[in-house]
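Student: Below you'll find the structure I mean.
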Amino acid sequence: MPLDQVVKASPIQQANALLYSPQACHLAQVQDDGKFCGSDGQPLDLSHYFEARIFSETCELRWLNEDQGNGFLVILADRDLKLNSETFSLKTTTLNSHLSQTYLLWGKAVPQVQPKEGWQRLAEARIGKLDVPLSQSLKKDQRVSLHSREYLAEVDKFGNVVVIEERLVKLEVQ
């Protein structure tokens, strides 16, 4: 299923996305109509992306382009999303424990430059600018973190535990 159709059929709302192409990783906002918009507010051409991680506090959708825009989809959630079994083939796994994690995004706030409403600009000399879909305003030198949840499972009779999955949750001002 193409990426924009996957989003329309899914329960995800008010989401952000990490989109991977051979050249770069881009951040985008996902609109209710399934369109992915960049910091200029324009819809993105999804044809050159090979992977997407679309996330909100409810769930994460992962999509992998397998055949000229048609891809494989996985949805990770902490609760039953009541998905349509005719649209999605369902497999449920119950995990008992998780760890909350935080990644710090490169760059500090550049408050005098705001790409578009709902976006903030981070900059760092060694990486350049990074526009982040974030409605919170940033003060000079503030940072943005990406929160995730790591799911744990016991893998053997000796009690060894491993991270078997990670779900992106939200972007937040530090």
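In the structure tokens, the first chain shown is A, the next is B, and so on; residue numbers restart at 1 for each chain, and ligands run from 1 in the order shown.
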Tell me, as a PDB file with N, CA and C atoms, in the first residue's frame, which residues lie within 6 Å of Leu18 (chain A), counting only C-alpha atoms; anything in the same chain fewer than 3 positions away does not count.
Tutor:
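Output saved as around38.pdb:
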```pdb
ATOM      1  N   HIS A  26      14.463  13.429   6.566  1.00  0.00           N
ATOM      2  CA  HIS A  26      13.673  14.647   6.691  1.00  0.00           C
ATOM      3  C   HIS A  26      12.602  14.486   7.750  1.00  0.00           C
ATOM      4  N   LEU A  27      12.260  15.585   8.401  1.00  0.00           N
ATOM      5  CA  LEU A  27      11.135  15.620   9.312  1.00  0.00           C
ATOM      6  C   LEU A  27       9.945  16.220   8.575  1.00  0.00           C
ATOM      7  N   ALA A  52       9.712   5.194   6.286  1.00  0.00           N
ATOM      8  CA  ALA A  52       9.066   6.241   7.072  1.00  0.00           C
ATOM      9  C   ALA A  52       8.753   5.716   8.465  1.00  0.00           C
ATOM     10  N   ARG A  53       8.935   6.595   9.447  1.00  0.00           N
ATOM     11  CA  ARG A  53       8.504   6.337  10.820  1.00  0.00           C
ATOM     12  C   ARG A  53       7.585   7.490  11.188  1.00  0.00           C
TER      13      ARG A  53
END
```
Student: Which is closer to Glu51 (chain A) than all the others in A:Gln142, A:Gln31, A:Asn70, A:Thr92, using only C-alpha atoms?
Tutor: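 When distances to Glu51 (chain A) are compared using only C-alpha atoms, the smallest one comes from A:Asn70.
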Student: Quick one: pull the distance between CA of Tyr20 (chain A) and CA of Glu66 (chain A), Å, one decimal.
Tutor: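 Between CA of Tyr20 (chain A) and CA of Glu66 (chain A) the gap works out to 13.6 Å.
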Student: Choose the residue, out of A:Ser100, A:Ser137, A:Gln23, A:Gln112, that has the smallest atom-to-atom separation from Val173 (chain A); count only C-alpha atoms.
Tutor: A:Ser137
Student: Would you mind writing down, as a list in words, each residue of region 4-148 of chain A that DSSP on the backbone assigns to helix (DSSP H, G or I)?
Tutor: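 Of region 4-148 of chain A, the ones in helix (DSSP H, G or I) are Asp4, Gln5, Val6, Val7, Lys8, Ala9, Leu46, Ser47 and His48 of chain A.
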Student: Given the selection you just returned, output its residues as a file containing C-alpha atoms, formatted as a PDB file, in the first residue's frame.
Tutor:
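Saved to part24.pdb:
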```pdb
ATOM      1  CA  ASP A   4      -0.249   8.293   1.888  1.00  0.00           C
ATOM      2  CA  GLN A   5      -2.998   5.624   1.687  1.00  0.00           C
ATOM      3  CA  VAL A   6      -1.560   3.851   4.715  1.00  0.00           C
ATOM      4  CA  VAL A   7      -1.823   7.038   6.764  1.00  0.00           C
ATOM      5  CA  LYS A   8      -5.415   7.698   5.643  1.00  0.00           C
ATOM      6  CA  ALA A   9      -6.455   4.161   6.637  1.00  0.00           C
ATOM      7  CA  LEU A  46       7.020  10.753  -1.347  1.00  0.00           C
ATOM      8  CA  SER A  47       8.374   8.873  -4.369  1.00  0.00           C
ATOM      9  CA  HIS A  48      12.046   9.005  -3.349  1.00  0.00           C
TER      10      HIS A  48
END
```
Student: Pick out the closest residue to Val161 (chain A) from this set: A:Ser97, A:Ser10, A:Asn65, A:Gln136. Count only C-alpha atoms.
Tutor: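 Closest to Val161 (chain A) of all the choices is A:Ser97.
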Student: In Å, how far is it from CA of Tyr103 (chain A) to CA of Glu124 (chain A)?
Tutor: 16.2 Å
Student: Do you know which residues are at most 7 Å from Gly38 (chain A) counting only C-alpha atoms, after dropping those on the same chain fewer than 3 positions away, and could you put them as an MDAnalysis selection string?
Tutor: chainID A and resid 28:29 41:44
Student: May I have the residues within 10 Å of region 164-172 of chain A as a VMD selection string, using only C-alpha atoms and disregarding those fewer than 2 positions away in the same chain?
Tutor: chain A and resid 15 to 18 53 to 62 75 to 78 95 98 to 105 132 to 136 143 to 155 161 to 162 174
Student: Given the choices A:Asp45, A:Asp80, A:Asp40, A:Asp156, which gets closest to Glu117 (chain A) if the distance is worked out from only C-alpha atoms?
Tutor: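 Result for the nearest residue to Glu117 (chain A): A:Asp40.
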Student: My list of candidates is A:Thr93, A:Asn160, A:Ser21, A:Gln14. Which is closest to Gly118 (chain A) when distances are computed with only C-alpha atoms?
Tutor: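 Going through A:Thr93, A:Asn160, A:Ser21, A:Gln14 one by one, the smallest distance to Gly118 (chain A) is for A:Gln14.
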Student: Rank nothing, just name the residue among A:Lys140, A:Phe72, A:Gly128, A:Met1 nearest to Val110 (chain A), using only C-alpha atoms.
Tutor: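 Of the candidates, the smallest distance to Val110 (chain A) is held by A:Lys140.
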Student: Do you have the CA of Trp63 (chain A)-CA of Phe50 (chain A) distance handy?
Tutor: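 CA of Trp63 (chain A) sits 8.3 Å away from CA of Phe50 (chain A).
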Student: As a ChimeraX atom specification, list the residues of chain A assigned to strand (DSSP E) by DSSP on the backbone atoms of this structure.
Tutor: /A:15-20,25-30,36-37,51-55,59-67,70-77,97-104,108-109,119-124,128-133,144-154,161-173
